[in-house]
Amino acid sequence: MLLDDVAATSEAVAATRSRLAKRASIAALLRRAAEESPPGRDPGPGPDEVVVVTSYLAGELRQRRTGLGWASLRSLPAPATEPTLTVATVDAAFERMAGLSGPGSDTARAAEASALFGAATEREQRFLRGLVAGELRQGALDAVVVDAIAEASGAPVDVVRRAVMLRGDTGAVAVAALRAPDPGAAGEALGAFGLEVGRPVRPMLAQSAPDVATALEKLGPDGAEVSVDTKLDGIRIQVHRAGDAVRVFTRSLDDITPRVPEIVAAALALDANTFVLDGEALAVDASGTPRPFQETASRSASQEAEALAAVELTPFFFDALHVDGRDLLDDPLRDRLAVLDGIAGPFAVGRLVTGDPDAAAAFFTDAVARGQEGVVVKALDAPYAAGRRGAGWVKVKPRHTLDLVVLAVERGSGRRQGHLSNIHLGARDSDGGFVMLGKTFKGMTDQMLAWQTERFTELADGPTDGYVVKVRPEQVVEIAFDGVQRSTRYPGGVALRFARVIRYRDDKTAAEADTIDTVRSYAAG
DNA sequence: GTCAGAGCAGATC
DNA sequence: CTCCGACACATTCGG
DNA sequence: CCGAATGTGTCGGAGGATCTGCTCTGAC
């Protein structure tokens, strides 16, 4: 199959806002890909073309890292006039680029990229650029492709979706579904995908709620018992063990086993031979109080032996998907927790099972007081909905707010083209100035966006570099944030984590905004 | 020649 | 991670 | 009883700050 076919489909998908239409185009192309490259005909060393096409349509390269990014695409050769690139050729080129490393690899990679883009037509170049930069903007990613696989193969959507969750890999599922002779066979082939110890499944995600009471409402009838789990501020881990073999995966299904020997050791110490557990890993001090998230992040991102030794991560588990031959995914949480408690011991996340809203709220308050991130409220009768942000789990975090001053605005792009979007936030200094703490564009409705575009145009002050517009520091804005972190980038030495706009405040002047000292007081706890 | 720093990519939240 | 908006689908309401 | 309005779930777009590791570059 030609890359041009994929690029054309991508363009068609981007051109419509209807999800059904997107799905139909993608399904049509998947069917063609399966027909054009029947199994066994292709003697090449590459993967099944259906796998590559599936991945490209979802806006992803098969290679997780190519070393190619936004910056390396700034200057590209002139496009070809005729489409000649095949999907297999392109995949092979990226495969070679992914394999490059060491001195001189940048040059070799650039040469490879230049050859590839030079052979691509204008449309193909656009498509490839989007793939590489992760900015395809066709309004369809993995989820739509999954639906399209169902449509193309005739297998039920639920079955396809479940297979993807369990396999953690859309391409493999696409092949199984589309290579089947008929819808019945496709469904059967997909039904055979099950949980395999050693192969990561997509983790279940949580919705969020502003407080515990709202979370309880979301979960269902009044008074029903729920599990209120402590929410730890670390990184999500999925730990698989089969005998002596332990594997640790991240939320995005990356295998980080070599980086976390202490988690492997902990897994080996648990009282079961085979299991798949879901949890969170973080750095804690001797008393069990969590260290700042940055320490956990630094430790888990590091590959160096010294860094590994400097900070230790502790795993805490909150769910069990499989234990000693028994798949638990479809069992209610109540049963999964019983199994988890039987093996995890001190590595189980603290939780309270209750039907009392006040007790749940008190548990939340206490968790936060102990330095934890919040709680996750869970329905006891819900199964493990792999990969879905189902209503079975609802997280609750405390919300802090500050009144800050807008120092500058950035011009929006994409959907926000023509608007002033991303605002620079400042806190009041002791000597009448303002200290920048970060930026945000989140939380703005279209209406606010329109209003602020006008407002900041009026306040515009001084030269702009075409992108950032400085404004007179007069407008106060109420900002919500999750926490304060240490920063080397900002002059105040602190930055806000997940800042978002609540509202603009016209009842306060800049002189009444919060001070940098107030902001710093959040850093401690 | 060595080494620190700049930039970038890719990951976490 | 966060939030908003858009679409698809389910449910309720009004003629 | 059926079509229109209203609500709910799900998805995508867009981008924030941080961290590490890699490669290249420029100063000495």
# chains A, B, ... in the order shown; residues from 1 in each chain; ligands from 1
>>> interface_residues(of="chain A", to="chain C", cutoff="7 Å", atoms="only C-alpha atoms (C1' of nucleotides)", output="list in words")
Ser18, Arg19, Lys442, Gly443, Thr445 and Phe498 of chain A
>>> write_last_selection(atoms="N, CA, C and O atoms", output="PDB file, in the first residue's frame")
ATOM      1  N   SER A  18     -17.472  14.892  11.804  1.00  0.00           N
ATOM      2  CA  SER A  18     -18.323  13.781  12.228  1.00  0.00           C
ATOM      3  C   SER A  18     -17.486  12.550  12.546  1.00  0.00           C
ATOM      4  O   SER A  18     -16.705  12.081  11.727  1.00  0.00           O
ATOM      5  N   ARG A  19     -17.675  12.027  13.713  1.00  0.00           N
ATOM      6  CA  ARG A  19     -16.913  10.850  14.118  1.00  0.00           C
ATOM      7  C   ARG A  19     -17.256   9.627  13.283  1.00  0.00           C
ATOM      8  O   ARG A  19     -16.392   8.797  12.999  1.00  0.00           O
ATOM      9  N   LYS A 442      -5.555  26.821  30.342  1.00  0.00           N
ATOM     10  CA  LYS A 442      -6.598  25.855  30.699  1.00  0.00           C
ATOM     11  C   LYS A 442      -7.726  26.523  31.467  1.00  0.00           C
ATOM     12  O   LYS A 442      -7.514  27.491  32.169  1.00  0.00           O
ATOM     13  N   GLY A 443      -8.899  25.961  31.336  1.00  0.00           N
ATOM     14  CA  GLY A 443     -10.036  26.435  32.093  1.00  0.00           C
ATOM     15  C   GLY A 443     -10.789  27.563  31.424  1.00  0.00           C
ATOM     16  O   GLY A 443     -11.793  28.030  31.928  1.00  0.00           O
ATOM     17  N   THR A 445     -13.239  29.164  28.856  1.00  0.00           N
ATOM     18  CA  THR A 445     -14.318  28.859  27.921  1.00  0.00           C
ATOM     19  C   THR A 445     -14.137  29.755  26.705  1.00  0.00           C
ATOM     20  O   THR A 445     -13.362  30.717  26.741  1.00  0.00           O
ATOM     21  N   PHE A 498      -0.122  22.325  37.272  1.00  0.00           N
ATOM     22  CA  PHE A 498      -1.486  22.264  36.714  1.00  0.00           C
ATOM     23  C   PHE A 498      -2.320  23.489  37.012  1.00  0.00           C
ATOM     24  O   PHE A 498      -3.432  23.409  37.538  1.00  0.00           O
TER      25      PHE A 498
END
>>> interface_residues(of="chain D", to="chain A", cutoff="10 Å", atoms="only C-alpha atoms (C1' of nucleotides)", output="list in words")
DG9, DT10, DC11, DG12, DG13, DA14, DG15, DG16, DA17, DT18, DC19, DT20, DG21, DC22, DT23 and DC24 of chain D
>>> write_last_selection(atoms="C-alpha atoms (C1' of nucleotides)", output="short mmCIF file (atom, residue, chain, number, x, y, z; two decimals), in the first residue's frame")
data_model
loop_
_atom_site.label_atom_id
_atom_site.label_comp_id
_atom_site.auth_asym_id
_atom_site.auth_seq_id
_atom_site.Cartn_x
_atom_site.Cartn_y
_atom_site.Cartn_z
"C1'" DG D 9 -20.36 9.43 28.07
"C1'" DT D 10 -16.42 9.58 25.43
"C1'" DC D 11 -13.02 11.54 22.75
"C1'" DG D 12 -9.75 14.88 20.88
"C1'" DG D 13 -7.09 19.24 20.99
"C1'" DA D 14 -4.00 21.92 23.22
"C1'" DG D 15 -0.54 22.82 26.13
"C1'" DG D 16 1.66 23.58 31.29
"C1'" DA D 17 6.35 22.10 34.27
"C1'" DT D 18 9.66 18.85 35.20
"C1'" DC D 19 13.22 15.28 34.67
"C1'" DT D 20 16.98 12.55 32.15
"C1'" DG D 21 19.96 11.34 28.42
"C1'" DC D 22 21.82 12.24 24.10
"C1'" DT D 23 24.51 14.83 20.57
"C1'" DC D 24 26.66 18.75 19.01
#
>>> atom_distance(atom1="atom CA of A:Leu205", atom2="atom CA of A:Ala385")
8.2 Å
>>> closest_residue(among="A:Met436, A:Met1, A:Leu20, A:Val132", to="chain B", atoms="only C-alpha atoms (C1' of nucleotides)")
A:Val132
>>> residues_around(residues="stretch 191-204 of chain A", least_positions_apart="6", cutoff="9 Å", atoms="only C-alpha atoms (C1' of nucleotides)", output="number ranges by chain")
A: 159-160, 162-169, 173, 236-242, 245-255, 274-276, 278, 321-322, 327, 329, 384-390, 393
>>> write_last_selection(atoms="C-alpha atoms", output="PDB file, in the first residue's frame")
ATOM      1  CA  VAL A 159     -14.997  -7.257  21.730  1.00  0.00           C
ATOM      2  CA  VAL A 160     -12.469  -5.222  19.742  1.00  0.00           C
ATOM      3  CA  ARG A 162     -11.538  -5.388  25.118  1.00  0.00           C
ATOM      4  CA  ALA A 163      -8.960  -7.125  22.964  1.00  0.00           C
ATOM      5  CA  VAL A 164      -7.050  -3.867  22.590  1.00  0.00           C
ATOM      6  CA  MET A 165      -7.085  -3.250  26.312  1.00  0.00           C
ATOM      7  CA  LEU A 166      -5.841  -6.713  27.105  1.00  0.00           C
ATOM      8  CA  ARG A 167      -3.272  -6.841  24.358  1.00  0.00           C
ATOM      9  CA  GLY A 168      -2.169  -3.253  24.885  1.00  0.00           C
ATOM     10  CA  ASP A 169      -1.535  -3.064  21.167  1.00  0.00           C
ATOM     11  CA  VAL A 173      -5.757  -6.635  17.249  1.00  0.00           C
ATOM     12  CA  ARG A 236       1.580   4.468  37.904  1.00  0.00           C
ATOM     13  CA  ILE A 237       3.038   0.976  37.787  1.00  0.00           C
ATOM     14  CA  GLN A 238       1.759  -2.401  36.691  1.00  0.00           C
ATOM     15  CA  VAL A 239       3.809  -5.224  38.121  1.00  0.00           C
ATOM     16  CA  HIS A 240       3.789  -8.686  36.582  1.00  0.00           C
ATOM     17  CA  ARG A 241       5.353 -11.693  38.199  1.00  0.00           C
ATOM     18  CA  ALA A 242       5.585 -15.259  36.961  1.00  0.00           C
ATOM     19  CA  ALA A 245      10.395 -13.299  36.374  1.00  0.00           C
ATOM     20  CA  VAL A 246       9.163  -9.812  37.259  1.00  0.00           C
ATOM     21  CA  ARG A 247       8.323  -7.014  34.845  1.00  0.00           C
ATOM     22  CA  VAL A 248       7.340  -3.467  35.733  1.00  0.00           C
ATOM     23  CA  PHE A 249       5.386  -1.333  33.283  1.00  0.00           C
ATOM     24  CA  THR A 250       4.387   2.321  33.271  1.00  0.00           C
ATOM     25  CA  ARG A 251       1.025   3.799  32.526  1.00  0.00           C
ATOM     26  CA  SER A 252       1.918   4.003  28.859  1.00  0.00           C
ATOM     27  CA  LEU A 253       3.001   0.361  28.935  1.00  0.00           C
ATOM     28  CA  ASP A 254       6.734   1.022  28.827  1.00  0.00           C
ATOM     29  CA  ASP A 255       8.857  -1.648  30.423  1.00  0.00           C
ATOM     30  CA  THR A 274       2.126 -15.384  39.731  1.00  0.00           C
ATOM     31  CA  PHE A 275       0.313 -12.090  39.637  1.00  0.00           C
ATOM     32  CA  VAL A 276      -0.492  -8.822  37.919  1.00  0.00           C
ATOM     33  CA  ASP A 278      -1.774  -2.269  39.702  1.00  0.00           C
ATOM     34  CA  LEU A 321      -5.814  -8.246  37.982  1.00  0.00           C
ATOM     35  CA  HIS A 322      -4.522 -11.766  38.241  1.00  0.00           C
ATOM     36  CA  ASP A 327      -8.059 -13.751  36.293  1.00  0.00           C
ATOM     37  CA  LEU A 329     -10.491  -8.409  35.770  1.00  0.00           C
ATOM     38  CA  TYR A 384     -11.497  -3.621  36.284  1.00  0.00           C
ATOM     39  CA  ALA A 385     -12.357  -1.625  33.169  1.00  0.00           C
ATOM     40  CA  ALA A 386      -8.965  -1.745  31.498  1.00  0.00           C
ATOM     41  CA  GLY A 387      -8.121   1.345  29.521  1.00  0.00           C
ATOM     42  CA  ARG A 388     -11.374   3.148  30.205  1.00  0.00           C
ATOM     43  CA  ARG A 389     -12.043   6.243  32.173  1.00  0.00           C
ATOM     44  CA  GLY A 390     -15.177   4.585  33.437  1.00  0.00           C
ATOM     45  CA  TRP A 393     -13.254   5.210  39.924  1.00  0.00           C
TER      46      TRP A 393
END
>>> interface_residues(of="chain B", to="chain A", cutoff="12 Å", atoms="only C-alpha atoms (C1' of nucleotides)", output="number ranges by chain")
B: 7-13
>>> write_last_selection(atoms="N, CA and C atoms (P, O5', C5', C4', C3', O3' and C1' of nucleotides)", output="mmCIF file, in the first residue's frame")
data_model
loop_
_atom_site.group_PDB
_atom_site.id
_atom_site.type_symbol
_atom_site.label_atom_id
_atom_site.label_comp_id
_atom_site.auth_asym_id
_atom_site.auth_seq_id
_atom_site.Cartn_x
_atom_site.Cartn_y
_atom_site.Cartn_z
ATOM 1 P P DG B 7 20.315 27.606 23.263
ATOM 2 O "O5'" DG B 7 19.709 26.448 22.347
ATOM 3 C "C5'" DG B 7 20.218 25.174 22.532
ATOM 4 C "C4'" DG B 7 19.667 24.240 21.509
ATOM 5 C "C3'" DG B 7 18.144 24.177 21.527
ATOM 6 O "O3'" DG B 7 17.695 23.742 20.244
ATOM 7 C "C1'" DG B 7 19.061 22.212 22.500
ATOM 8 P P DC B 8 16.150 23.554 19.995
ATOM 9 O "O5'" DC B 8 16.042 21.972 20.115
ATOM 10 C "C5'" DC B 8 16.786 21.158 19.216
ATOM 11 C "C4'" DC B 8 16.579 19.723 19.602
ATOM 12 C "C3'" DC B 8 15.099 19.354 19.699
ATOM 13 O "O3'" DC B 8 14.846 18.314 18.765
ATOM 14 C "C1'" DC B 8 16.319 18.605 21.617
ATOM 15 P P DA B 9 13.382 17.821 18.527
ATOM 16 O "O5'" DA B 9 13.371 16.477 19.372
ATOM 17 C "C5'" DA B 9 14.363 15.498 19.105
ATOM 18 C "C4'" DA B 9 14.204 14.347 20.072
ATOM 19 C "C3'" DA B 9 12.771 13.824 20.202
ATOM 20 O "O3'" DA B 9 12.832 12.411 20.157
ATOM 21 C "C1'" DA B 9 13.620 14.389 22.335
ATOM 22 P P DG B 10 11.542 11.585 19.928
ATOM 23 O "O5'" DG B 10 11.197 11.119 21.408
ATOM 24 C "C5'" DG B 10 12.105 10.291 22.123
ATOM 25 C "C4'" DG B 10 11.667 10.235 23.562
ATOM 26 C "C3'" DG B 10 10.158 9.946 23.738
ATOM 27 O "O3'" DG B 10 10.032 8.844 24.603
ATOM 28 C "C1'" DG B 10 10.824 11.742 25.072
ATOM 29 P P DA B 11 8.715 8.022 24.652
ATOM 30 O "O5'" DA B 11 8.144 8.305 26.122
ATOM 31 C "C5'" DA B 11 8.669 7.576 27.213
ATOM 32 C "C4'" DA B 11 8.681 8.429 28.471
ATOM 33 C "C3'" DA B 11 7.316 8.787 29.073
ATOM 34 O "O3'" DA B 11 6.782 7.700 29.795
ATOM 35 C "C1'" DA B 11 8.917 10.533 29.330
ATOM 36 P P DT B 12 5.314 7.747 30.335
ATOM 37 O "O5'" DT B 12 5.419 8.659 31.661
ATOM 38 C "C5'" DT B 12 6.174 8.200 32.789
ATOM 39 C "C4'" DT B 12 6.121 9.266 33.870
ATOM 40 C "C3'" DT B 12 4.734 9.819 34.150
ATOM 41 O "O3'" DT B 12 4.033 8.987 35.026
ATOM 42 C "C1'" DT B 12 6.287 11.609 33.984
ATOM 43 P P DC B 13 2.487 9.024 35.013
ATOM 44 O "O5'" DC B 13 2.128 10.408 35.734
ATOM 45 C "C5'" DC B 13 2.605 10.680 37.042
ATOM 46 C "C4'" DC B 13 2.401 12.160 37.352
ATOM 47 C "C3'" DC B 13 0.966 12.630 37.213
ATOM 48 O "O3'" DC B 13 0.314 12.497 38.456
ATOM 49 C "C1'" DC B 13 2.448 14.185 36.176
#
>>> select_by_dssp(residues="stretch 28-266 of chain A", states="strand (DSSP E)", output="list in words")
Gln207, Ser208, Ala209, Val226, Ser227, Val228, Asp229, Thr230, Lys231, Ile235, Arg236, Ile237, Gln238, Val239, His240, Arg241, Ala242, Ala245, Val246, Arg247, Val248 and Phe249 of chain A
